[in-house]
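Raw entry-v5.cif, mmCIF, C-alpha atoms:
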data_run
loop_
_atom_site.label_atom_id
_atom_site.label_comp_id
_atom_site.auth_asym_id
_atom_site.auth_seq_id
_atom_site.Cartn_x
_atom_site.Cartn_y
_atom_site.Cartn_z
CA MET M 149 0.00 0.00 0.00
CA ALA M 150 3.06 2.21 -0.07
CA ALA M 151 3.43 5.20 -2.42
CA SER M 152 -0.29 5.88 -2.71
CA GLU M 153 0.56 9.60 -2.80
CA THR M 154 1.96 9.22 -6.30
CA ASP M 155 -1.39 8.00 -7.63
CA GLN M 156 -1.64 10.59 -10.38
CA SER M 157 1.48 9.40 -12.14
CA GLY M 158 1.43 5.66 -12.90
CA PRO M 159 -0.95 3.56 -14.97
CA THR M 160 -4.58 3.13 -13.89
CA MET M 161 -7.32 0.63 -14.51
CA SER M 162 -11.11 0.72 -14.33
CA MET M 163 -13.22 -1.08 -11.83
CA ASP M 164 -16.99 -1.47 -12.21
CA VAL M 165 -18.40 -2.01 -8.76
CA PHE M 166 -21.87 -3.26 -7.87
CA ARG M 167 -23.59 -0.61 -5.75
CA TYR M 168 -26.79 -1.01 -3.78
CA GLU M 169 -27.74 1.43 -1.07
CA PRO M 170 -30.99 0.21 0.48
CA ASP M 171 -31.96 3.66 1.80
CA LYS M 172 -31.67 5.23 -1.67
CA ASP M 173 -31.79 2.55 -4.37
CA THR M 174 -34.52 0.13 -5.34
CA GLU M 175 -32.31 -1.44 -8.01
CA PRO M 176 -28.57 -1.99 -7.91
CA ARG M 177 -26.27 -0.12 -10.27
CA TYR M 178 -22.63 -0.27 -11.33
CA GLN M 179 -20.25 2.52 -10.51
CA ARG M 180 -16.96 2.91 -12.35
CA TYR M 181 -13.82 3.87 -10.44
CA GLU M 182 -10.37 4.58 -11.87
CA VAL M 183 -7.80 3.04 -9.57
CA PRO M 184 -4.01 3.06 -9.77
CA TYR M 185 -2.61 -0.10 -11.26
CA ARG M 186 0.23 -1.66 -9.28
CA GLU M 187 1.74 -5.01 -9.98
CA ASP M 188 1.67 -6.01 -6.32
CA TRP M 189 -1.89 -4.84 -5.64
CA VAL M 190 -4.80 -7.18 -5.16
CA VAL M 191 -8.44 -6.30 -5.81
CA LEU M 192 -8.93 -5.65 -2.10
CA ASP M 193 -6.12 -3.03 -2.17
CA ALA M 194 -7.93 -1.29 -5.03
CA LEU M 195 -11.24 -1.37 -3.14
CA ASN M 196 -9.54 0.07 -0.05
CA HIS M 197 -8.02 2.79 -2.24
CA VAL M 198 -11.52 3.67 -3.47
CA LYS M 199 -12.86 3.74 0.07
CA ASP M 200 -9.93 5.89 1.35
CA GLN M 201 -9.40 8.28 -1.55
CA ILE M 202 -12.40 8.32 -3.89
CA ASP M 203 -15.72 7.28 -2.36
CA GLY M 204 -16.16 6.60 1.35
CA THR M 205 -19.71 5.34 0.85
CA LEU M 206 -18.57 2.06 -0.74
CA SER M 207 -19.14 -0.82 1.68
CA PHE M 208 -17.44 -4.21 1.74
CA ARG M 209 -16.14 -6.74 4.26
CA TRP M 210 -12.51 -7.60 4.82
CA SER M 211 -10.20 -8.39 7.66
CA CYS M 212 -6.93 -10.29 7.48
CA ARG M 213 -5.86 -9.62 3.84
CA MET M 214 -3.92 -12.90 3.81
CA GLY M 215 -6.41 -15.61 2.86
CA VAL M 216 -7.13 -16.81 6.37
CA CYS M 217 -10.26 -15.04 7.63
CA GLY M 218 -12.49 -15.73 4.63
CA SER M 219 -14.43 -12.46 4.81
CA CYS M 220 -13.41 -10.68 1.58
CA GLY M 221 -15.01 -13.11 -0.89
CA MET M 222 -16.60 -11.34 -3.90
CA MET M 223 -17.32 -12.04 -7.54
CA VAL M 224 -14.42 -10.79 -9.66
CA ASN M 225 -15.46 -10.82 -13.32
CA GLY M 226 -18.14 -13.35 -12.39
CA GLU M 227 -15.79 -15.74 -10.55
CA PRO M 228 -15.98 -16.17 -6.78
CA LYS M 229 -12.60 -15.03 -5.39
CA LEU M 230 -10.97 -13.97 -2.18
CA THR M 231 -10.24 -10.38 -3.20
CA CYS M 232 -7.11 -10.42 -1.04
CA ALA M 233 -5.71 -13.12 -3.30
CA ALA M 234 -6.90 -11.81 -6.70
CA PHE M 235 -4.07 -9.76 -8.22
CA LEU M 236 -4.85 -6.79 -10.46
CA ARG M 237 -2.05 -7.92 -12.78
CA ASP M 238 -4.11 -10.96 -13.76
CA TYR M 239 -6.83 -8.67 -15.18
CA TYR M 240 -4.93 -5.55 -16.30
CA PRO M 241 -5.49 -3.66 -18.58
CA GLU M 242 -9.09 -4.84 -19.02
CA PRO M 243 -11.61 -3.31 -16.60
CA ILE M 244 -12.72 -5.59 -13.77
CA ARG M 245 -16.25 -6.04 -12.51
CA ILE M 246 -16.85 -6.61 -8.81
CA ASP M 247 -20.12 -8.08 -7.53
CA PRO M 248 -21.17 -9.38 -4.14
CA LEU M 249 -21.01 -13.18 -3.83
CA ASN M 250 -23.65 -14.79 -6.03
CA TYR M 251 -26.90 -16.24 -4.73
CA PHE M 252 -26.81 -14.42 -1.38
CA PRO M 253 -29.15 -11.51 -0.52
CA VAL M 254 -27.36 -8.17 -0.71
CA ILE M 255 -27.51 -5.98 2.38
CA ARG M 256 -25.53 -3.11 0.91
CA ASP M 257 -23.01 -2.79 -1.96
CA LEU M 258 -20.69 -5.79 -1.71
CA ILE M 259 -22.00 -6.98 1.67
CA ILE M 260 -24.15 -10.10 1.65
CA ASN M 261 -26.38 -11.58 4.31
CA ILE M 262 -24.61 -14.68 5.64
CA ASP M 263 -27.24 -15.70 8.23
CA ASP M 264 -28.42 -18.56 6.03
CA PHE M 265 -24.92 -20.07 5.96
CA LEU M 266 -24.40 -19.61 9.71
CA GLY M 267 -27.75 -21.32 10.34
CA LYS M 268 -26.63 -24.26 8.23
CA LEU M 269 -23.39 -24.66 10.20
CA ASN M 270 -25.65 -24.94 13.22
CA ASP M 271 -27.97 -27.46 11.49
CA VAL M 272 -25.09 -29.83 10.67
CA LYS M 273 -23.48 -29.35 14.10
CA ALA M 274 -20.17 -28.27 12.63
CA TRP M 275 -18.19 -28.69 15.81
CA LEU M 276 -16.51 -31.53 17.70
CA ILE M 277 -18.82 -33.59 19.90
CA PRO M 278 -16.61 -36.10 21.76
CA LYS M 279 -17.66 -39.75 21.99
CA GLU M 280 -17.49 -39.42 25.75
CA GLU M 281 -16.82 -36.32 27.77
CA LYS M 282 -13.91 -36.73 30.11
CA PRO M 283 -12.57 -34.44 32.80
CA VAL M 284 -9.53 -32.31 31.98
CA SER M 285 -7.55 -34.27 34.59
CA GLU M 286 -7.69 -37.33 32.31
CA GLY M 287 -5.75 -35.46 29.67
CA GLU M 288 -6.25 -34.79 25.99
CA TYR M 289 -8.18 -36.72 23.35
CA ARG M 290 -5.37 -38.42 21.47
CA GLN M 291 -5.23 -39.02 17.77
CA SER M 292 -2.73 -40.68 15.44
CA PRO M 293 -1.32 -38.94 12.34
CA ALA M 294 -3.25 -41.44 10.18
CA GLU M 295 -6.52 -40.52 11.92
CA LEU M 296 -5.73 -36.83 11.43
CA ALA M 297 -5.02 -37.39 7.73
CA HIS M 298 -8.56 -38.70 7.14
CA TYR M 299 -10.26 -35.35 7.80
CA LYS M 300 -7.44 -32.80 7.59
CA GLN M 301 -8.29 -31.60 4.07
CA PHE M 302 -11.89 -30.79 5.05
CA SER M 303 -10.71 -28.98 8.17
CA MET M 304 -8.94 -26.36 6.03
CA CYS M 305 -12.30 -24.64 5.31
CA ILE M 306 -12.31 -20.93 6.26
CA ASN M 307 -16.09 -20.41 5.78
CA CYS M 308 -15.52 -17.92 2.96
CA MET M 309 -18.65 -19.13 1.09
CA LEU M 310 -17.02 -18.97 -2.35
CA CYS M 311 -18.30 -22.53 -2.89
CA TYR M 312 -21.90 -21.40 -2.33
CA ALA M 313 -21.44 -18.60 -4.85
CA ALA M 314 -20.22 -21.22 -7.34
CA CYS M 315 -23.07 -23.68 -6.75
CA PRO M 316 -26.02 -23.41 -9.17
CA VAL M 317 -27.98 -25.85 -7.00
CA TYR M 318 -27.76 -23.40 -4.09
CA GLY M 319 -28.75 -20.62 -6.50
CA GLN M 320 -31.91 -22.51 -7.44
CA LYS M 321 -32.79 -23.77 -3.97
CA SER M 322 -31.37 -21.91 -0.99
CA GLU M 323 -32.55 -24.67 1.40
CA PHE M 324 -29.69 -26.84 0.09
CA ILE M 325 -27.20 -27.26 2.92
CA GLY M 326 -24.48 -26.67 0.39
CA PRO M 327 -20.81 -27.47 -0.19
CA ALA M 328 -19.05 -26.08 2.89
CA GLY M 329 -21.80 -27.17 5.28
CA ILE M 330 -21.60 -30.78 4.14
CA ALA M 331 -17.78 -30.75 3.90
CA LEU M 332 -17.63 -29.55 7.51
CA ALA M 333 -20.12 -32.20 8.63
CA GLN M 334 -17.82 -34.76 6.98
CA ARG M 335 -14.83 -33.15 8.68
CA TYR M 336 -16.29 -33.96 12.10
CA ASN M 337 -17.87 -37.29 11.08
CA LEU M 338 -14.44 -38.52 9.96
CA ASP M 339 -12.69 -37.29 13.11
CA SER M 340 -11.77 -40.25 15.34
CA ARG M 341 -12.47 -38.18 18.48
CA ASP M 342 -16.01 -37.31 17.38
CA GLY M 343 -19.04 -39.45 18.20
CA ALA M 344 -21.97 -37.48 16.76
CA ALA M 345 -22.19 -38.76 13.16
CA GLU M 346 -25.61 -40.15 14.05
CA GLU M 347 -26.82 -36.68 15.16
CA ARG M 348 -25.67 -35.14 11.86
CA HIS M 349 -27.39 -37.80 9.73
CA ASP M 350 -30.80 -36.16 9.61
CA ALA M 351 -29.42 -32.86 8.38
CA ILE M 352 -26.94 -34.07 5.77
CA PHE M 353 -28.82 -37.14 4.50
CA SER M 354 -32.08 -35.20 4.11
CA ASP M 355 -33.61 -33.96 0.85
CA GLU M 356 -31.89 -30.62 1.44
CA GLY M 357 -28.58 -32.40 2.06
CA ILE M 358 -26.31 -34.54 -0.09
CA TRP M 359 -29.00 -35.78 -2.49
CA GLU M 360 -29.63 -32.26 -3.81
CA CYS M 361 -26.07 -32.18 -5.13
CA THR M 362 -25.80 -32.95 -8.86
CA PHE M 363 -21.99 -32.90 -8.81
CA VAL M 364 -21.38 -29.80 -10.88
CA GLY M 365 -18.03 -29.69 -9.11
CA ASP M 366 -17.54 -25.91 -9.35
CA CYS M 367 -17.34 -25.61 -5.55
CA THR M 368 -14.13 -27.63 -5.57
CA ARG M 369 -12.69 -25.60 -8.44
CA VAL M 370 -13.18 -22.23 -6.71
CA CYS M 371 -12.16 -23.30 -3.18
CA PRO M 372 -9.12 -21.22 -2.15
CA LYS M 373 -8.09 -23.86 0.42
CA ASN M 374 -8.40 -27.02 -1.72
CA VAL M 375 -11.04 -28.44 0.61
CA ASP M 376 -12.80 -30.33 -2.22
CA PRO M 377 -16.40 -30.00 -0.97
CA ALA M 378 -17.70 -31.84 -4.08
CA GLY M 379 -15.59 -34.84 -3.08
CA ALA M 380 -16.85 -34.63 0.51
CA ILE M 381 -20.46 -34.72 -0.69
CA GLN M 382 -19.94 -37.69 -3.04
CA GLN M 383 -18.11 -39.57 -0.27
CA ALA M 384 -21.02 -38.90 2.08
CA LYS M 385 -23.35 -40.30 -0.60
CA VAL M 386 -21.31 -43.51 -0.65
CA THR M 387 -21.50 -43.74 3.16
CA ALA M 388 -25.26 -43.15 3.10
CA THR M 389 -25.77 -45.79 0.39
CA ASN M 390 -23.65 -48.34 2.24
CA ASP M 391 -25.58 -47.67 5.44
CA PHE M 392 -28.87 -48.10 3.58
CA PHE M 393 -27.90 -51.47 2.10
CA LYS M 394 -26.46 -52.65 5.40
CA SER M 395 -29.70 -51.80 7.20
CA MET M 396 -31.72 -53.54 4.44
CA LEU M 397 -29.60 -56.70 4.29
CA MET M 398 -28.70 -56.96 7.95
CA PRO M 399 -31.52 -55.30 9.89
CA TRP M 400 -30.38 -57.13 13.02
CA GLY M 401 -26.87 -55.59 12.94
CA ASN M 402 -26.29 -52.38 14.81
CA LYS M 403 -25.67 -49.45 12.50
CA MET I 122 -32.59 -18.65 8.24
CA SER I 123 -32.59 -17.25 11.76
CA ASN I 124 -34.89 -14.38 12.63
CA ASP I 125 -32.64 -12.39 14.93
CA THR I 126 -31.21 -10.16 12.20
CA PRO I 127 -31.19 -6.43 12.80
CA THR I 128 -30.26 -5.71 9.14
CA LYS I 129 -33.33 -7.26 7.50
CA SER I 130 -34.32 -3.79 6.22
CA LYS I 131 -34.38 -4.00 2.43
CA GLU I 132 -32.17 -6.69 1.05
CA TYR I 133 -31.75 -7.07 -2.68
CA ILE I 134 -32.23 -10.60 -4.04
CA ARG I 135 -30.55 -11.06 -7.40
CA PRO I 136 -32.67 -13.28 -9.65
CA MET I 137 -30.96 -16.32 -11.17
CA PRO I 138 -31.11 -16.03 -14.98
CA ALA I 139 -32.76 -18.89 -16.87
CA ASN I 140 -29.64 -19.22 -19.00
CA TRP I 141 -27.35 -19.61 -15.95
CA TRP I 142 -25.80 -22.72 -17.49
CA LEU I 143 -24.52 -20.66 -20.43
CA THR I 144 -22.79 -18.12 -18.20
CA LYS I 145 -19.79 -20.25 -17.30
CA ARG I 146 -17.77 -22.87 -19.17
CA THR I 147 -17.83 -25.26 -16.20
CA TYR I 148 -21.64 -25.01 -15.96
CA LEU I 149 -21.96 -25.69 -19.69
CA LEU I 150 -19.69 -28.74 -19.50
CA PHE I 151 -21.79 -30.00 -16.60
CA MET I 152 -24.99 -29.59 -18.62
CA ILE I 153 -23.44 -31.40 -21.59
CA ARG I 154 -22.38 -34.25 -19.29
CA GLU I 155 -25.92 -34.47 -17.92
CA LEU I 156 -27.49 -34.38 -21.41
CA THR I 157 -25.22 -37.14 -22.74
CA SER I 158 -26.94 -39.50 -20.30
CA VAL I 159 -30.02 -39.29 -22.56
CA PHE I 160 -27.92 -40.85 -25.33
CA VAL I 161 -26.54 -43.46 -22.94
CA ALA I 162 -30.15 -44.42 -22.18
CA ALA I 163 -31.10 -44.37 -25.88
CA TYR I 164 -28.26 -46.74 -26.73
CA ALA I 165 -29.19 -49.01 -23.82
CA VAL I 166 -32.74 -49.27 -25.20
CA PHE I 167 -31.33 -50.08 -28.65
CA LEU I 168 -29.18 -52.86 -27.13
CA LEU I 169 -32.18 -54.27 -25.24
CA VAL I 170 -34.29 -54.41 -28.41
CA LEU I 171 -31.39 -56.17 -30.17
CA ALA I 172 -31.20 -58.67 -27.32
CA ILE I 173 -34.93 -59.37 -27.55
CA ARG I 174 -34.59 -60.02 -31.31
CA ARG I 175 -31.53 -62.27 -30.94
CA ASN I 176 -33.41 -65.46 -31.97
CA ASP I 177 -34.91 -63.85 -35.06
CA PRO I 178 -32.01 -63.37 -37.53
CA GLU I 179 -34.08 -61.39 -40.04
CA ALA I 180 -35.40 -58.86 -37.55
CA PHE I 181 -31.94 -58.66 -35.99
CA ALA I 182 -30.34 -57.87 -39.35
CA ALA I 183 -33.09 -55.38 -40.19
CA LEU I 184 -32.41 -53.50 -36.95
CA LEU I 185 -28.70 -53.34 -37.68
CA SER I 186 -29.13 -52.11 -41.25
CA ASN I 187 -31.83 -49.53 -40.50
CA PRO I 188 -30.24 -46.20 -41.52
CA LEU I 189 -32.00 -44.30 -38.71
CA LEU I 190 -30.61 -46.69 -36.13
CA ILE I 191 -27.14 -46.48 -37.70
CA ALA I 192 -27.38 -42.71 -37.36
CA LEU I 193 -28.43 -43.18 -33.74
CA GLN I 194 -25.33 -45.27 -33.07
CA VAL I 195 -23.06 -42.74 -34.79
CA ILE I 196 -24.45 -39.97 -32.57
CA CYS I 197 -24.41 -42.12 -29.46
CA LEU I 198 -20.76 -43.17 -29.73
CA PRO I 199 -19.16 -39.76 -29.04
CA MET I 200 -21.83 -38.95 -26.45
CA VAL I 201 -21.26 -42.19 -24.54
CA VAL I 202 -17.47 -41.78 -24.75
CA PHE I 203 -17.75 -38.20 -23.39
CA HIS I 204 -20.05 -39.40 -20.62
CA THR I 205 -17.73 -42.26 -19.71
CA VAL I 206 -14.54 -40.19 -19.75
CA THR I 207 -15.98 -37.37 -17.63
CA TRP I 208 -17.44 -39.92 -15.25
CA LEU I 209 -14.23 -41.95 -14.88
CA ASN I 210 -12.28 -38.73 -14.29
CA LEU I 211 -14.54 -38.03 -11.31
CA THR I 212 -14.09 -41.45 -9.69
CA PRO I 213 -11.16 -40.39 -7.46
CA LYS I 214 -13.43 -37.78 -5.84
CA VAL I 215 -15.84 -40.50 -4.77
CA LEU I 216 -13.48 -43.37 -4.09
CA VAL I 217 -10.92 -42.45 -1.46
CA VAL I 218 -8.53 -45.22 -0.50
CA TRP I 219 -6.12 -44.81 2.40
CA ARG I 220 -2.83 -46.58 2.84
CA GLY I 221 -1.93 -45.61 6.40
CA GLU I 222 -1.43 -41.83 6.43
CA GLU I 223 -1.20 -41.64 2.65
CA ARG I 224 -4.13 -41.25 0.33
CA VAL I 225 -3.78 -43.47 -2.73
CA ASN I 226 -2.93 -41.26 -5.73
CA PRO I 227 -6.16 -40.10 -7.45
CA LEU I 228 -4.54 -40.73 -10.85
CA LEU I 229 -4.08 -44.36 -9.87
CA ILE I 230 -7.78 -44.70 -9.01
CA ALA I 231 -8.95 -43.13 -12.27
CA GLY I 232 -6.28 -45.12 -14.14
CA ALA I 233 -7.53 -48.40 -12.66
CA HIS I 234 -11.02 -47.61 -13.98
CA TYR I 235 -9.64 -46.89 -17.46
CA VAL I 236 -7.70 -50.18 -17.41
CA ALA I 237 -10.86 -52.04 -16.33
CA TRP I 238 -12.80 -50.31 -19.12
CA ALA I 239 -10.19 -51.36 -21.69
CA ILE I 240 -10.08 -54.97 -20.47
CA ILE I 241 -13.88 -55.33 -20.45
CA SER I 242 -14.07 -53.79 -23.95
CA ILE I 243 -11.41 -56.20 -25.27
CA VAL I 244 -13.19 -59.20 -23.70
CA ILE I 245 -16.55 -58.17 -25.21
CA LEU I 246 -14.96 -57.53 -28.61
CA SER I 247 -13.16 -60.88 -28.60
CA ILE I 248 -16.40 -62.69 -27.74
CA SER I 249 -18.52 -60.85 -30.31
CA CYS I 250 -16.08 -61.03 -33.23
CA PRO I 251 -14.08 -64.22 -32.88
#

The structure given in the file should be rewritten as structure tokens.
Amino acid sequence: MAASETDQSGPTMSMDVFRYEPDKDTEPRYQRYEVPYREDWVVLDALNHVKDQIDGTLSFRWSCRMGVCGSCGMMVNGEPKLTCAAFLRDYYPEPIRIDPLNYFPVIRDLIINIDDFLGKLNDVKAWLIPKEEKPVSEGEYRQSPAELAHYKQFSMCINCMLCYAACPVYGQKSEFIGPAGIALAQRYNLDSRDGAAEERHDAIFSDEGIWECTFVGDCTRVCPKNVDPAGAIQQAKVTATNDFFKSMLMPWGNK
Amino acid sequence: MSNDTPTKSKEYIRPMPANWWLTKRTYLLFMIRELTSVFVAAYAVFLLVLAIRRNDPEAFAALLSNPLLIALQVICLPMVVFHTVTWLNLTPKVLVVWRGEERVNPLLIAGAHYVAWAIISIVILSISCP
């Protein structure tokens, strides 16, 4: 962000930004900003430049600017991206278009309502529920490296919701639990310390769960953390199918 | 979903366009993959009818020489190959095999399916044209 005083000199590029101010607008509009082009700037730097220097009314979310917090996800030229990881140099000199993440209701400008997603994390119980609670005096819940490997990939999720903005199924039917929700349910179901797979069944094996997924696979492609939610969902389908046949063929066996 | 939102004032819901599947290459490829299953089904029906006619050489030959059905097969071949290839490429996403701490290489899993496909095709070919 250094040298922003010398803005007038160097090359610039155009940014068309989705604007929606609920107290003024009934329809959204696009506003064009000329921002300095720097090779080491990301889209988020350009947005912050607009907010600081050009138009303080522009609203967007961001926090860590290093791909960890997952709050700066937006559509960049129609692709869901973490704007802190989308370099201007990959778009320059063409203008770039910034929209709020697809399929979510827009509160204002680039800020979406994420309550639906947070509710889903709650529905699938996306947290560790130990098989048996034990007092702290008995020490930690131990796990081998092999047991860790089974769920580690899914645990990399940062809840940035890019996968939801890539999922046409979620776009058509917002009740769908969606990629990250199911991947996180899998993350805990596959954790050797967790004992609540049974409690998560109803949510993820329901009509709004895994069976809604048609395996478009775009969630996996856009994931900035290589979580592979599409894989998680298909693997959950295999588990559900196996469980179904087991309960049909061996109704006496415990599940 | 929850009701405890203070910002529920006037949210803008962007409608999903009817041509959403044309807006992205990956969506289009997905739709093509889904549509090719119609041709997979069509060819399966054709095979079934052939199987039913297997004891009637004249009807069997008539089916095979019908120009419309030849056209059907010509169209079905690339569709079924596309369907099969895209499907086999996705198998490592579904089938995860662990060897201790290591996940078996996804290429190996897809590769095994291709090898099985080739072997089954060779066996069927060697039975049908001895």

Which is closest to M:Phe302 among M:Ser354, M:Asn374, M:Gln320, M:Thr362, if we use all atoms listed in the file?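 Among M:Ser354, M:Asn374, M:Gln320, M:Thr362, it is M:Asn374 that comes nearest to M:Phe302.
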
For atom CA of M:Lys172 and atom CA of M:Ile246, quote the distance in Å rounded to one decimal.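 So the two atoms, atom CA of M:Lys172 and atom CA of M:Ile246, lie 20.3 Å apart.
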
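Nearest to chain I of all the residues M:Arg209, M:Arg180, M:Arg256, M:Arg341 is M:Arg256, based on all atoms listed in the file.
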
Using only C-alpha atoms, pick whichever of M:Ala314, M:Met396, M:Ala297, M:Met163 has the shortest atom-to-atom distance to I:Trp219.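 The shortest atom-to-atom distance to I:Trp219 comes from M:Ala297.
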
M:Cys232 environment, 9 Å, all atoms listed in the file, sequence neighbours closer than 5 positions dropped, as a PyMOL selection string: chain M and resi 189-193+210+212-215+220-221

Each residue of chain I lying at most 9 Å from chain M should get a row with its shortest atom-to-atom pair and the distance in Å to one decimal, counting all atoms listed in the file; could you produce that, ordered by chain and increasing number, as a Markdown table?
| residue | atom | partner | partner_atom | distance |
| --- | --- | --- | --- | --- |
| I:Met122 | CA | M:Asp264 | CA | 4.7 |
| I:Ser123 | CA | M:Gly267 | CA | 6.5 |
| I:Asn124 | CA | M:Asp263 | CA | 8.9 |
| I:Thr126 | CA | M:Asp263 | CA | 7.9 |
| I:Thr128 | CA | M:Ile255 | CA | 7.3 |
| I:Lys129 | CA | M:Ile255 | CA | 7.9 |
| I:Ser130 | CA | M:Pro170 | CA | 7.7 |
| I:Lys131 | CA | M:Pro170 | CA | 5.7 |
| I:Glu132 | CA | M:Ile255 | CA | 4.9 |
| I:Tyr133 | CA | M:Val254 | CA | 4.9 |
| I:Ile134 | CA | M:Pro253 | CA | 4.8 |
| I:Arg135 | CA | M:Tyr251 | CA | 6.9 |
| I:Pro136 | CA | M:Tyr251 | CA | 8.1 |
| I:Met137 | CA | M:Gly319 | CA | 6.7 |
| I:Trp141 | CA | M:Pro316 | CA | 7.9 |
| I:Trp142 | CA | M:Pro316 | CA | 8.4 |
| I:Thr144 | CA | M:Gly226 | CA | 8.8 |
| I:Lys145 | CA | M:Gly226 | CA | 8.6 |
| I:Thr147 | CA | M:Asp366 | CA | 6.9 |
| I:Tyr148 | CA | M:Val364 | CA | 7.0 |
| I:Leu150 | CA | M:Val364 | CA | 8.8 |
| I:Phe151 | CA | M:Val364 | CA | 5.7 |
| I:Met152 | CA | M:Val364 | CA | 8.5 |
| I:Leu211 | CA | M:Gly379 | CA | 8.9 |
| I:Pro213 | CA | M:Gly379 | CA | 8.3 |
| I:Lys214 | CA | M:Gly379 | CA | 4.6 |
| I:Val215 | CA | M:Gln383 | CA | 5.1 |
| I:Leu216 | CA | M:Gln383 | CA | 7.1 |
| I:Val217 | CA | M:Gln383 | CA | 7.8 |
| I:Trp219 | CA | M:His298 | CA | 8.1 |
| I:Arg220 | CA | M:Ala294 | CA | 9.0 |
| I:Gly221 | CA | M:Ala294 | CA | 5.8 |
| I:Glu222 | CA | M:Ala294 | CA | 4.2 |
| I:Glu223 | CA | M:Ala297 | CA | 7.6 |
| I:Arg224 | CA | M:Ala297 | CA | 8.4 |

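Distances here use only C-alpha atoms; by that measure, the residue among I:Leu168, I:Ile243, I:Leu193, I:Ser249 closest to I:Phe181 is I:Leu168.
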
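Nearest to M:Pro248 of all the residues M:Ser207, M:Ile202, M:Lys273, M:Phe166 is M:Phe166, counting all atoms listed in the file.
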
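What separates atom CA of M:Arg186 from atom CA of M:Ala233 is a distance of 14.2 Å.
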
Which residues are near I:Leu156? Cut-off 12 Å, all atoms listed in the file, ignore same chain within fewer than 3 positions. Put them as a list in words. Leu149, Leu150, Phe151, Met152, Ile153, Val159, Phe160, Val161, Ala162, Ala163, Cys197, Met200, Val201, Phe203 and His204 of chain I

Would you save the residues from that selection as an mmCIF file, keeping the file's coordinate frame, using C-alpha atoms?
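Dumped to selection.cif:
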data_model
loop_
_atom_site.group_PDB
_atom_site.id
_atom_site.type_symbol
_atom_site.label_atom_id
_atom_site.label_comp_id
_atom_site.auth_asym_id
_atom_site.auth_seq_id
_atom_site.Cartn_x
_atom_site.Cartn_y
_atom_site.Cartn_z
ATOM 1 C CA LEU I 149 -21.960 -25.690 -19.690
ATOM 2 C CA LEU I 150 -19.690 -28.740 -19.500
ATOM 3 C CA PHE I 151 -21.790 -30.000 -16.600
ATOM 4 C CA MET I 152 -24.990 -29.590 -18.620
ATOM 5 C CA ILE I 153 -23.440 -31.400 -21.590
ATOM 6 C CA VAL I 159 -30.020 -39.290 -22.560
ATOM 7 C CA PHE I 160 -27.920 -40.850 -25.330
ATOM 8 C CA VAL I 161 -26.540 -43.460 -22.940
ATOM 9 C CA ALA I 162 -30.150 -44.420 -22.180
ATOM 10 C CA ALA I 163 -31.100 -44.370 -25.880
ATOM 11 C CA CYS I 197 -24.410 -42.120 -29.460
ATOM 12 C CA MET I 200 -21.830 -38.950 -26.450
ATOM 13 C CA VAL I 201 -21.260 -42.190 -24.540
ATOM 14 C CA PHE I 203 -17.750 -38.200 -23.390
ATOM 15 C CA HIS I 204 -20.050 -39.400 -20.620
#
